[in-house]
Every structure is written in structure tokens, then in C-alpha cells.
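Structure below is structure_6.cif: mmCIF, C-alpha atoms.
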```cif
data_start
loop_
_atom_site.label_atom_id
_atom_site.label_comp_id
_atom_site.auth_asym_id
_atom_site.auth_seq_id
_atom_site.Cartn_x
_atom_site.Cartn_y
_atom_site.Cartn_z
CA MET Y 1 -24.59 20.15 -0.03
CA PRO Y 2 -21.21 19.10 -1.26
CA SER Y 3 -19.11 21.93 -2.55
CA ALA Y 4 -16.76 21.64 -5.48
CA PRO Y 5 -13.27 20.43 -4.68
CA GLN Y 6 -10.99 23.12 -3.32
CA ASN Y 7 -8.53 24.73 -5.63
CA GLY Y 8 -5.66 22.42 -6.10
CA SER Y 9 -4.38 19.77 -8.37
CA PHE Y 10 -5.35 16.18 -8.86
CA THR Y 11 -2.09 15.33 -7.13
CA ASP Y 12 -3.07 17.27 -4.01
CA LEU Y 13 -6.45 15.55 -3.97
CA TYR Y 14 -4.97 12.08 -4.38
CA VAL Y 15 -2.63 12.58 -1.44
CA GLU Y 16 -5.35 14.18 0.68
CA ILE Y 17 -7.47 11.08 0.14
CA GLN Y 18 -4.59 8.77 1.09
CA GLN Y 19 -4.23 10.66 4.36
CA PHE Y 20 -8.03 10.71 4.85
CA TYR Y 21 -8.18 6.94 4.60
CA ALA Y 22 -5.16 6.48 6.86
CA CYS Y 23 -6.95 8.47 9.55
CA GLN Y 24 -10.29 6.77 8.94
CA VAL Y 25 -8.94 3.22 9.33
CA GLN Y 26 -7.20 4.08 12.59
CA HIS Y 27 -10.63 4.95 13.99
CA LEU Y 28 -12.07 1.71 12.66
CA ASP Y 29 -9.25 -0.48 13.93
CA ALA Y 30 -9.27 1.16 17.37
CA LEU Y 31 -13.02 0.45 17.60
CA ARG Y 32 -13.86 4.14 17.75
CA ALA Y 33 -17.21 3.64 16.05
CA GLU Y 34 -18.43 7.23 16.50
CA GLU Y 35 -15.23 8.75 15.18
CA PHE Y 36 -15.30 6.40 12.21
CA ALA Y 37 -18.96 7.23 11.53
CA ALA Y 38 -18.11 10.94 11.70
CA THR Y 39 -16.02 10.52 8.55
CA PHE Y 40 -19.32 9.99 6.73
CA ALA Y 41 -21.61 12.78 5.57
CA SER Y 42 -24.88 13.26 7.42
CA ASP Y 43 -26.60 11.56 4.47
CA GLY Y 44 -23.81 9.01 4.11
CA VAL Y 45 -24.65 5.45 3.12
CA PHE Y 46 -22.46 2.47 3.98
CA HIS Y 47 -23.10 -0.72 2.02
CA HIS Y 48 -20.92 -2.82 4.28
CA SER Y 49 -22.15 -6.23 3.21
CA VAL Y 50 -23.96 -7.73 0.24
CA ASP Y 51 -26.13 -9.66 2.71
CA ALA Y 52 -27.46 -6.76 4.75
CA PRO Y 53 -29.23 -3.47 4.11
CA PRO Y 54 -26.96 -0.44 4.10
CA ALA Y 55 -26.44 1.74 7.15
CA LYS Y 56 -27.63 5.29 6.58
CA GLY Y 57 -26.21 8.28 8.42
CA PRO Y 58 -23.54 8.37 11.11
CA GLY Y 59 -25.80 6.93 13.82
CA GLU Y 60 -26.65 3.78 11.89
CA ILE Y 61 -23.09 3.48 10.64
CA ALA Y 62 -21.65 3.58 14.16
CA ALA Y 63 -24.24 0.99 15.25
CA ALA Y 64 -23.39 -1.25 12.28
CA ILE Y 65 -19.69 -1.07 13.11
CA ARG Y 66 -20.33 -2.01 16.72
CA ALA Y 67 -22.70 -4.82 15.75
CA HIS Y 68 -20.17 -6.26 13.30
CA GLN Y 69 -17.49 -6.15 15.95
CA GLU Y 70 -19.74 -7.91 18.49
CA HIS Y 71 -20.92 -10.52 16.04
CA ARG Y 72 -17.61 -11.37 14.45
CA TYR Y 73 -15.21 -10.91 17.32
CA GLY Y 74 -17.19 -10.68 20.57
CA SER Y 75 -14.67 -10.97 23.37
CA ASP Y 76 -11.97 -12.13 20.93
CA PRO Y 77 -9.05 -9.77 21.54
CA ALA Y 78 -8.19 -9.57 17.86
CA GLN Y 79 -6.40 -6.51 16.54
CA ARG Y 80 -7.71 -5.74 13.10
CA ARG Y 81 -5.90 -3.59 10.55
CA HIS Y 82 -7.66 -2.36 7.45
CA TRP Y 83 -5.28 -1.94 4.53
CA PHE Y 84 -6.39 -0.05 1.43
CA ASN Y 85 -4.32 -0.09 -1.75
CA MET Y 86 -4.31 0.44 -5.50
CA LEU Y 87 -6.30 3.63 -5.12
CA GLN Y 88 -8.00 5.22 -8.09
CA VAL Y 89 -9.34 8.74 -7.66
CA MET Y 90 -11.94 9.94 -10.18
CA PRO Y 91 -13.26 13.49 -9.70
CA GLN Y 92 -16.81 13.88 -10.98
CA ASP Y 93 -18.51 16.81 -12.69
CA ASP Y 94 -20.83 17.36 -9.72
CA GLY Y 95 -17.87 17.99 -7.40
CA SER Y 96 -18.00 14.58 -5.78
CA ILE Y 97 -15.07 12.20 -6.05
CA VAL Y 98 -15.41 8.52 -6.84
CA THR Y 99 -12.64 6.27 -5.58
CA GLU Y 100 -12.00 2.58 -6.10
CA TYR Y 101 -9.47 0.50 -4.23
CA TYR Y 102 -8.59 -2.89 -2.90
CA ALA Y 103 -8.94 -3.57 0.82
CA LEU Y 104 -7.58 -6.31 3.02
CA VAL Y 105 -8.26 -6.92 6.68
CA LEU Y 106 -5.32 -8.27 8.69
CA VAL Y 107 -6.34 -9.92 11.96
CA THR Y 108 -3.76 -10.58 14.67
CA ARG Y 109 -4.33 -12.32 17.99
CA PRO Y 110 -2.16 -12.01 21.10
CA GLY Y 111 0.88 -14.24 21.05
CA ASP Y 112 0.57 -15.30 17.42
CA PRO Y 113 2.66 -13.19 15.06
CA VAL Y 114 0.99 -14.50 11.91
CA ALA Y 115 -1.71 -12.14 10.67
CA VAL Y 116 -4.81 -13.74 9.16
CA THR Y 117 -5.60 -12.16 5.78
CA ALA Y 118 -9.37 -12.02 5.65
CA PRO Y 119 -11.25 -10.80 3.87
CA ALA Y 120 -9.96 -9.22 0.67
CA CYS Y 121 -12.45 -6.74 -0.74
CA PHE Y 122 -13.14 -4.33 -3.54
CA VAL Y 123 -14.40 -0.96 -2.39
CA ARG Y 124 -16.03 1.94 -4.22
CA ASP Y 125 -16.55 5.22 -2.41
CA VAL Y 126 -18.20 8.51 -3.23
CA LEU Y 127 -16.48 11.31 -1.35
CA VAL Y 128 -17.73 14.87 -0.95
CA ARG Y 129 -16.27 17.99 0.54
CA GLU Y 130 -18.29 19.80 3.20
CA SER Y 131 -16.92 22.94 4.83
CA GLY Y 132 -13.55 22.00 3.42
CA ARG Y 133 -13.51 18.50 4.91
CA LEU Y 134 -13.61 15.32 2.89
CA LEU Y 135 -16.42 12.99 3.92
CA ASN Y 136 -17.73 9.65 2.70
CA ARG Y 137 -21.13 10.02 1.10
CA GLU Y 138 -21.26 6.42 0.02
CA ARG Y 139 -19.18 3.29 0.50
CA THR Y 140 -19.83 -0.04 -1.17
CA VAL Y 141 -17.76 -2.99 0.00
CA VAL Y 142 -17.81 -6.32 -1.81
CA ALA Y 143 -15.77 -9.08 -0.23
CA ASP Y 144 -14.06 -11.25 -2.83
CA HIS Y 145 -15.26 -14.50 -1.27
CA THR Y 146 -18.92 -13.42 -1.62
CA ARG Y 147 -18.76 -12.61 -5.33
CA MET S 1 9.65 7.37 -29.34
CA PRO S 2 9.19 8.26 -25.72
CA SER S 3 8.86 11.93 -25.09
CA ALA S 4 10.24 13.69 -22.06
CA PRO S 5 7.98 13.75 -19.03
CA GLN S 6 5.34 16.44 -19.14
CA ASN S 7 5.91 19.58 -17.23
CA GLY S 8 5.24 18.91 -13.64
CA SER S 9 6.95 17.93 -10.49
CA PHE S 10 8.28 14.67 -9.22
CA THR S 11 5.30 14.65 -6.88
CA ASP S 12 2.84 14.83 -9.77
CA LEU S 13 4.66 12.02 -11.53
CA TYR S 14 4.73 9.81 -8.46
CA VAL S 15 0.97 10.13 -7.96
CA GLU S 16 0.27 9.70 -11.67
CA ILE S 17 2.16 6.39 -11.53
CA GLN S 18 0.22 5.25 -8.46
CA GLN S 19 -3.02 5.88 -10.34
CA PHE S 20 -1.61 4.25 -13.51
CA TYR S 21 -0.85 1.06 -11.59
CA ALA S 22 -4.23 1.09 -9.82
CA CYS S 23 -5.93 1.15 -13.21
CA GLN S 24 -3.56 -1.42 -14.72
CA VAL S 25 -4.11 -4.02 -12.00
CA GLN S 26 -7.88 -3.74 -12.27
CA HIS S 27 -7.55 -4.83 -15.90
CA LEU S 28 -5.31 -7.71 -14.88
CA ASP S 29 -7.50 -8.89 -12.02
CA ALA S 30 -10.66 -8.68 -14.13
CA LEU S 31 -8.96 -10.85 -16.76
CA ARG S 32 -9.13 -8.10 -19.37
CA ALA S 33 -5.97 -9.28 -21.10
CA GLU S 34 -6.20 -6.88 -24.05
CA GLU S 35 -6.80 -3.85 -21.86
CA PHE S 36 -3.91 -4.85 -19.63
CA ALA S 37 -1.65 -5.37 -22.65
CA ALA S 38 -2.66 -1.94 -23.96
CA THR S 39 -0.91 -0.38 -20.97
CA PHE S 40 2.35 -1.52 -22.59
CA ALA S 41 4.12 0.34 -25.38
CA SER S 42 4.06 -1.20 -28.85
CA ASP S 43 7.66 -2.31 -28.23
CA GLY S 44 6.92 -3.24 -24.63
CA VAL S 45 8.63 -6.26 -23.10
CA PHE S 46 7.16 -8.22 -20.18
CA HIS S 47 9.56 -10.50 -18.33
CA HIS S 48 6.80 -12.21 -16.38
CA SER S 49 8.75 -15.23 -15.21
CA VAL S 50 12.38 -16.20 -14.78
CA ASP S 51 11.54 -19.57 -16.37
CA ALA S 52 10.07 -18.33 -19.63
CA PRO S 53 11.07 -16.02 -22.47
CA PRO S 54 9.61 -12.53 -22.23
CA ALA S 55 6.45 -11.51 -24.05
CA LYS S 56 7.09 -8.77 -26.60
CA GLY S 57 4.46 -6.30 -27.70
CA PRO S 58 0.81 -6.08 -26.64
CA GLY S 59 -0.27 -9.13 -28.66
CA GLU S 60 2.20 -11.49 -27.00
CA ILE S 61 1.59 -9.89 -23.63
CA ALA S 62 -2.16 -10.46 -23.84
CA ALA S 63 -1.53 -14.06 -24.92
CA ALA S 64 0.89 -14.60 -22.03
CA ILE S 65 -1.64 -13.26 -19.54
CA ARG S 66 -4.35 -15.56 -20.90
CA ALA S 67 -2.00 -18.56 -20.93
CA HIS S 68 -0.94 -17.94 -17.34
CA GLN S 69 -4.56 -17.68 -16.28
CA GLU S 70 -5.45 -20.95 -18.05
CA HIS S 71 -2.43 -22.79 -16.73
CA ARG S 72 -2.56 -21.63 -13.15
CA TYR S 73 -6.27 -21.28 -12.56
CA GLY S 74 -8.16 -22.99 -15.40
CA SER S 75 -11.77 -23.21 -14.31
CA ASP S 76 -10.81 -22.29 -10.72
CA PRO S 77 -13.05 -19.33 -9.87
CA ALA S 78 -10.30 -17.54 -7.96
CA GLN S 79 -10.40 -13.77 -7.67
CA ARG S 80 -6.89 -12.46 -7.84
CA ARG S 81 -5.82 -9.03 -6.60
CA HIS S 82 -2.43 -7.62 -7.46
CA TRP S 83 -1.12 -5.32 -4.76
CA PHE S 84 1.88 -3.08 -5.47
CA ASN S 85 3.62 -1.20 -2.68
CA MET S 86 6.80 0.55 -1.57
CA LEU S 87 7.04 2.33 -4.89
CA GLN S 88 10.26 4.03 -5.95
CA VAL S 89 10.10 6.35 -8.96
CA MET S 90 13.40 7.19 -10.66
CA PRO S 91 13.18 9.53 -13.68
CA GLN S 92 15.98 8.89 -16.18
CA ASP S 93 17.92 11.29 -18.38
CA ASP S 94 16.41 9.81 -21.54
CA GLY S 95 12.89 10.72 -20.42
CA SER S 96 11.97 7.22 -19.34
CA ILE S 97 11.07 6.45 -15.77
CA VAL S 98 12.36 3.46 -13.85
CA THR S 99 10.20 2.22 -11.00
CA GLU S 100 10.79 -0.48 -8.43
CA TYR S 101 8.20 -1.89 -6.08
CA TYR S 102 7.03 -4.89 -4.13
CA ALA S 103 4.08 -6.88 -5.43
CA LEU S 104 1.84 -9.42 -3.77
CA VAL S 105 -0.93 -11.48 -5.31
CA LEU S 106 -3.92 -12.14 -3.07
CA VAL S 107 -6.06 -15.08 -4.20
CA THR S 108 -9.58 -15.54 -2.84
CA ARG S 109 -11.94 -18.38 -3.61
CA PRO S 110 -15.74 -18.33 -3.21
CA GLY S 111 -16.89 -19.01 0.31
CA ASP S 112 -13.47 -18.77 1.94
CA PRO S 113 -12.70 -15.34 3.35
CA VAL S 114 -9.01 -16.04 3.86
CA ALA S 115 -6.92 -14.67 1.00
CA VAL S 116 -3.90 -16.74 -0.05
CA THR S 117 -0.79 -14.55 -0.24
CA ALA S 118 1.15 -15.90 -3.19
CA PRO S 119 3.45 -14.99 -4.64
CA ALA S 120 5.38 -12.03 -3.27
CA CYS S 121 7.51 -10.45 -5.96
CA PHE S 122 9.99 -7.70 -6.71
CA VAL S 123 9.18 -5.73 -9.84
CA ARG S 124 11.20 -3.29 -11.92
CA ASP S 125 9.49 -1.32 -14.66
CA VAL S 126 10.60 1.09 -17.34
CA LEU S 127 7.80 3.52 -18.13
CA VAL S 128 7.63 5.90 -21.06
CA ARG S 129 5.24 8.63 -22.07
CA GLU S 130 3.72 8.45 -25.53
CA SER S 131 1.26 11.11 -26.67
CA GLY S 132 0.95 12.13 -23.05
CA ARG S 133 0.06 8.66 -21.77
CA LEU S 134 2.24 6.60 -19.49
CA LEU S 135 3.00 3.15 -20.85
CA ASN S 136 5.10 0.21 -19.72
CA ARG S 137 8.10 -0.29 -21.97
CA GLU S 138 9.54 -3.02 -19.83
CA ARG S 139 8.50 -5.01 -16.79
CA THR S 140 10.66 -7.52 -14.99
CA VAL S 141 9.01 -9.61 -12.28
CA VAL S 142 11.01 -11.85 -9.95
CA ALA S 143 8.98 -13.93 -7.53
CA ASP S 144 10.66 -14.20 -4.15
CA HIS S 145 10.30 -17.97 -3.98
CA THR S 146 12.24 -18.39 -7.24
CA ARG S 147 15.27 -16.35 -6.18
CA MET J 1 19.81 20.09 14.33
CA PRO J 2 16.71 19.50 12.30
CA SER J 3 15.91 22.28 9.93
CA ALA J 4 12.43 23.33 8.99
CA PRO J 5 10.88 21.43 6.10
CA GLN J 6 11.95 22.67 2.70
CA ASN J 7 9.64 24.93 0.81
CA GLY J 8 6.94 22.87 -0.66
CA SER J 9 3.51 21.63 0.03
CA PHE J 10 2.17 18.96 2.28
CA THR J 11 1.59 16.94 -0.87
CA ASP J 12 5.27 17.10 -1.83
CA LEU J 13 6.25 16.04 1.67
CA TYR J 14 3.82 13.12 1.73
CA VAL J 15 5.17 11.74 -1.53
CA GLU J 16 8.78 12.36 -0.50
CA ILE J 17 8.15 10.26 2.59
CA GLN J 18 6.57 7.45 0.56
CA GLN J 19 9.70 7.35 -1.61
CA PHE J 20 11.94 7.62 1.48
CA TYR J 21 10.32 4.54 3.02
CA ALA J 22 10.42 2.62 -0.26
CA CYS J 23 14.17 3.16 -0.38
CA GLN J 24 14.64 2.43 3.32
CA VAL J 25 12.88 -0.93 3.24
CA GLN J 26 14.90 -2.10 0.26
CA HIS J 27 18.01 -1.65 2.39
CA LEU J 28 16.40 -3.56 5.24
CA ASP J 29 15.13 -6.42 3.10
CA ALA J 30 18.47 -6.78 1.29
CA LEU J 31 20.20 -7.04 4.70
CA ARG J 32 22.19 -3.87 4.10
CA ALA J 33 22.29 -3.02 7.80
CA GLU J 34 24.66 -0.06 7.46
CA GLU J 35 22.69 1.54 4.64
CA PHE J 36 19.47 1.07 6.60
CA ALA J 37 21.06 2.55 9.71
CA ALA J 38 22.26 5.52 7.64
CA THR J 39 18.62 6.52 7.13
CA PHE J 40 18.61 7.41 10.84
CA ALA J 41 19.92 10.66 12.27
CA SER J 42 23.15 10.52 14.27
CA ASP J 43 21.01 10.79 17.41
CA GLY J 44 18.35 8.47 16.01
CA VAL J 45 16.58 6.06 18.33
CA PHE J 46 15.00 2.82 17.14
CA HIS J 47 12.51 1.19 19.50
CA HIS J 48 12.38 -2.02 17.50
CA SER J 49 10.77 -4.21 20.15
CA VAL J 50 8.75 -3.75 23.30
CA ASP J 51 10.94 -6.39 24.95
CA ALA J 52 14.34 -4.81 24.38
CA PRO J 53 16.01 -1.47 25.00
CA PRO J 54 16.10 0.83 21.98
CA ALA J 55 19.10 1.06 19.67
CA LYS J 56 20.66 4.51 19.68
CA GLY J 57 22.59 5.93 16.77
CA PRO J 58 23.40 4.31 13.44
CA GLY J 59 26.04 1.98 14.91
CA GLU J 60 23.70 0.39 17.42
CA ILE J 61 20.89 0.34 14.91
CA ALA J 62 22.95 -1.56 12.35
CA ALA J 63 24.02 -3.99 15.08
CA ALA J 64 20.41 -4.49 16.20
CA ILE J 65 19.32 -5.21 12.64
CA ARG J 66 22.08 -7.77 12.20
CA ALA J 67 21.36 -9.38 15.57
CA HIS J 68 17.65 -9.66 14.77
CA GLN J 69 18.45 -11.25 11.44
CA GLU J 70 20.82 -13.78 13.06
CA HIS J 71 18.45 -14.60 15.88
CA ARG J 72 15.27 -14.90 13.87
CA TYR J 73 16.53 -16.29 10.61
CA GLY J 74 20.10 -17.53 11.06
CA SER J 75 20.95 -19.51 7.95
CA ASP J 76 17.28 -19.59 6.91
CA PRO J 77 17.26 -18.24 3.35
CA ALA J 78 14.05 -16.29 3.87
CA GLN J 79 13.39 -13.22 1.77
CA ARG J 80 11.65 -10.65 3.88
CA ARG J 81 9.64 -7.74 2.51
CA HIS J 82 8.57 -4.89 4.74
CA TRP J 83 5.32 -3.33 3.60
CA PHE J 84 4.19 0.01 5.03
CA ASN J 85 0.70 1.33 4.40
CA MET J 86 -2.02 3.71 5.59
CA LEU J 87 0.52 6.48 6.06
CA GLN J 88 -0.33 9.56 8.07
CA VAL J 89 2.06 12.51 7.86
CA MET J 90 1.84 15.12 10.62
CA PRO J 91 4.28 18.06 10.36
CA GLN J 92 5.16 19.49 13.77
CA ASP J 93 5.83 23.06 14.84
CA ASP J 94 9.49 22.29 15.58
CA GLY J 95 10.11 21.27 11.97
CA SER J 96 10.05 17.56 12.65
CA ILE J 97 7.48 15.30 11.05
CA VAL J 98 5.56 12.63 12.89
CA THR J 99 4.30 9.74 10.81
CA GLU J 100 2.12 6.79 11.71
CA TYR J 101 1.51 3.76 9.56
CA TYR J 102 0.76 0.07 9.49
CA ALA J 103 3.56 -2.35 8.67
CA LEU J 104 3.53 -5.98 7.63
CA VAL J 105 6.46 -8.30 7.09
CA LEU J 106 6.06 -10.83 4.29
CA VAL J 107 8.43 -13.78 4.54
CA THR J 108 9.02 -16.05 1.55
CA ARG J 109 11.19 -19.15 1.44
CA PRO J 110 12.68 -20.75 -1.68
CA GLY J 111 10.27 -23.00 -3.52
CA ASP J 112 7.17 -22.01 -1.57
CA PRO J 113 5.17 -19.25 -3.24
CA VAL J 114 3.01 -18.55 -0.19
CA ALA J 115 4.30 -15.58 1.78
CA VAL J 116 3.99 -15.77 5.56
CA THR J 117 2.38 -12.61 6.93
CA ALA J 118 4.16 -11.97 10.20
CA PRO J 119 4.18 -9.79 12.05
CA ALA J 120 1.69 -6.96 11.54
CA CYS J 121 2.79 -3.82 13.36
CA PHE J 122 1.90 -0.25 14.15
CA VAL J 123 4.75 2.18 13.66
CA ARG J 124 5.28 5.76 14.74
CA ASP J 125 8.25 7.70 13.40
CA VAL J 126 9.72 11.12 13.99
CA LEU J 127 11.47 12.33 10.86
CA VAL J 128 13.81 15.29 10.57
CA ARG J 129 15.50 17.01 7.67
CA GLU J 130 19.27 17.45 7.85
CA SER J 131 21.13 19.12 4.98
CA GLY J 132 18.00 18.60 2.91
CA ARG J 133 17.75 14.85 3.53
CA LEU J 134 14.97 13.20 5.44
CA LEU J 135 16.21 11.04 8.30
CA ASN J 136 14.56 8.99 11.03
CA ARG J 137 15.13 10.52 14.44
CA GLU J 138 12.90 8.05 16.18
CA ARG J 139 11.02 4.90 15.29
CA THR J 140 8.72 3.00 17.61
CA VAL J 141 7.43 -0.36 16.39
CA VAL J 142 4.72 -2.26 18.25
CA ALA J 143 3.86 -5.67 16.85
CA ASP J 144 0.15 -6.39 17.07
CA HIS J 145 0.64 -9.81 18.67
CA THR J 146 2.56 -8.25 21.59
CA ARG J 147 -0.08 -5.69 22.52
#
```
Now, as a test, write the supplied structure out as C-alpha cells.
Amino acid sequence: MPSAPQNGSFTDLYVEIQQFYACQVQHLDALRAEEFAATFASDGVFHHSVDAPPAKGPGEIAAAIRAHQEHRYGSDPAQRRHWFNMLQVMPQDDGSIVTEYYALVLVTRPGDPVAVTAPACFVRDVLVRESGRLLNRERTVVADHTR
Amino acid sequence: MPSAPQNGSFTDLYVEIQQFYACQVQHLDALRAEEFAATFASDGVFHHSVDAPPAKGPGEIAAAIRAHQEHRYGSDPAQRRHWFNMLQVMPQDDGSIVTEYYALVLVTRPGDPVAVTAPACFVRDVLVRESGRLLNRERTVVADHTR
Amino acid sequence: MPSAPQNGSFTDLYVEIQQFYACQVQHLDALRAEEFAATFASDGVFHHSVDAPPAKGPGEIAAAIRAHQEHRYGSDPAQRRHWFNMLQVMPQDDGSIVTEYYALVLVTRPGDPVAVTAPACFVRDVLVRESGRLLNRERTVVADHTR
């Protein structure tokens, strides 16, 4: 069960979440699907697309990440970079933390310096703290072009 | 009149401003002109364009936001996202806070995942605290392509 | 020699580094090569490209910045904006601070509001504190299209 946030200020929490996301996206962009999935709680739910059912739990989340990579990029040697910005952190009474932020995926291919900016998204997370660690309990991604 | 910053460190202030902007841009990007304008002080001044006189006070600011939206986008169902980054926070002796940052507008249209990156801007704000709330007293936006 | 970090929390350090980079990139984007170079330690090393030897010390770093500007842009009146994001801050036992982050250069030309997004990079810095000031002791930039 999620515990209440550790002692500490809103400021500490905000910065901790910035660092949490910075670490999380490096896993995603390096195609470390298991390490990315391990940033989710055991009951974590990832609504990664409005067109598909959510992935539930780290095993399904890792599989969804790999499937997306295969489907979208296949043998395409694209380097993706997930950028998150305009972060709002909203601690909840039950000890969870709701965040909202903008996301943009930058896609770069070998030899072409221009990064493709696609897609832009709005993301809403529910974070929890388990044994002191922040984890994603829920993530809902809505790409702006699918609204 | 603006009061001095609340007790608290530079760090607290910096994070508070990050959250303030994250909330402010959600109003702007959801076309909530009144809510956006309410993040300005009653004597707030918004220099939104080098080609036009500034909007003064929340009423004019809301009107300017709506006019810009009509003029630039009309019935175009674009989803805009304002991204701010590289934030500098400079507390002033009079209790106001000057900030400088880079801004980029991402524009996404239905069905096209590629976000248009226009314009990039440099922004300078003067923030004040009234009844404990941060508010914009002045904002000056200069788009890079108009320099 | 680098001193240990000042008293203060990880949170304070994280925010200090955000502000440090915000100031540093304004020097870079305003073509203030000497001021940018002065954010490096006297023994600072800047690996700015995988294709060229690193610049060592503020003098070489300022020269490298000017040479890059001449070579890439010449009389082209482009306004560049360096955006850093997804910052990880990792204090080290020796008192230095390793950071990793994503970088993107936005390039805007007069009259065209669309910013060119090139290149996207991964950056790793070693920061040190000298006489209380943060300074870059090492920066390694790898552009995604050169991987």
C-alpha cells in the first residue's frame, strides 16, 4: 500500500519528481523496457494510448513498450527523447500525488540533425511512495493529435 | 501593493514559480482567457507583441488573448501548448520578482502527430505577491523571428 | 580545487543548477563567448563534438564557441536557443556533481516564426564549486544524429 509522503516540503517533493522523471525517461529512450516498467507500482496502470486497452503491472507495461517500439520503429535506428515540461504536482489526501505535464517526443535519425517533434501529449500521473521510492501507479497519456 | 516574498528560501520560490507557470499555461492552452487573465495583478501589463500596444489589467488581457486566438486560429482546431524553460528567478529589493525564460509554442492539429514549433520567444516577467498569491505584474514577450 | 558542496539539501542544489544553466545558456545564445567560457573552471574541458578534440580552459572554450558560430552560422542572423531538460543531478563523493540532461537547439531566423529543432543532444557535465560558485569542470555533448 502506498505510504504517506515522507517528511519534507512541497519543494522537496517537486524536485524529487523532476529527478524521478529524468531517470524514468532515460530508461524509456534507451529501450530498457524492464527498467522503465520497474518505475511503476506492482498494480500500476499505463494508459498509453486512447486506442488501446491499458497495460497493467510491470510485465504488461514492459511488453507494451516493446510492442510500441517494434510497431512504430522496427529496425528504424531512431533515437527518441521524451521531454516532460510544465509540471504540476498535486499531493492528495490519501498520500498519493497527482501530476500533470506536457510531453513531447523528439525523434532523431542518424545523419539528420533535425529532430522530428512528434507527438505532443498531455499526461496525468498518479504517483505513490512504496518503501520510500516514488512509483507510478497510473499514467494516462493523450496525444494532442488524437483529441 | 505587492508584499515582500513569504518566508522561505530561494529554492522554495523557484519551485513555486515553476508550478505557477505550469498552472498558468494550462489556462492559456485550454482557451480559458479569464482564468489566464486572473493570474495577472489588477494593474498587470502584458506586452504580448512588439507590434501592438500592451494589454493593461485582467479585462484587457483576457480580450487580447481571445482576439489573438480568433485572429491566428479562428475555427482552426489547433491545440497549442506553451512550453517555458531555462527559467531564471531574480528577487528584487522591492519584493517583486523578475524572471526570464525561453518560451516555445507547440501547435498540433487533429490527425497530424508532428507539432509545429512556432514561435520561439524570450520572456521577461515581473511577479508580485498579493495576499500570498503570486501574480504577474508585467510580462514582455519578444518572439525570436521579430527581433 | 573543488570544495565540497555548500550546506544545503539536494533540493537546493538541484534548483541552483537549474538557475546556473539558465544563466549559462543566455550567455551562449547571446554570443557572449567569454562570459559563457567563464562558467567553466580554469581546468574545464568541453567535449563539444565527437569529431573534434575538446577545448581546454576558458580561453580555448571561448575560441571554440566563436569558431562554431562562424562556421555554422557566419553572417546568418539566426537566433539560437539552447534548451536543457530532464535534468538528473548526481552528487559525487569527491564533492563534484555529475549531471545528465537532454538538450535541444532551437534556431529561428528573422521573419519565419517556425523554429528549427536541431540538433537534439545528450549532455553529461561534471560541476564543481569554487569559492562558492558552481562551475563546469567537464561537459560532454553527443548529438543524437551522430550516434
message = Running the PyMOL selection byres ((chain J) within 8 of (chain S)) on this model by hand, what would come out? Give it as a VMD selection string.
response = chain J and resid 11 to 12 15 to 16 18 to 19 21 to 23 25 79 81 83 to 84 106 108 to 116
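Pairwise distance (atom CA of His47 of chain S, atom CA of Gly59 of chain S) equals 14.3 Å.
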query = Which distance in Å separates atom CA of Thr99 of chain Y and atom CA of Leu28 of chain S, to one decimal?
reply =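 That distance, rounded to one decimal, is 18.3 Å.
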message = Please report the interatomic distance between atom CA of Ser131 of chain J and atom CA of His82 of chain J in Å with one decimal.
response =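 Taking atom CA of Ser131 of chain J and atom CA of His82 of chain J, their separation equals 27.1 Å.
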message = From the options J:Leu127, J:Asn136, J:Arg32, J:Val142, which residue's atoms come nearest to Lys56 of chain J, counting all atoms listed in the file?
response =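 Comparing J:Leu127, J:Asn136, J:Arg32, J:Val142 against Lys56 of chain J, the winner is J:Asn136.
Between Arg139 of chain J and the candidates J:Gln92, J:Glu34, J:His68, J:Val45, the tightest atom-to-atom separation, counting all atoms listed in the file, involves J:Val45.
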Minimum-distance residue to Ser42 of chain S, chosen among S:Phe20, S:Asp29, S:Gly57, S:Arg66 (using only C-alpha atoms) =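 Among the listed residues, S:Gly57 lies closest to Ser42 of chain S.
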task = Measuring atom to atom with all atoms listed in the file, identify which of Y:Val107, Y:Ala55, Y:His71, Y:Val98 is nearest to Asp125 of chain Y.
result =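 Smallest separation from Asp125 of chain Y among the options: Y:Val98.
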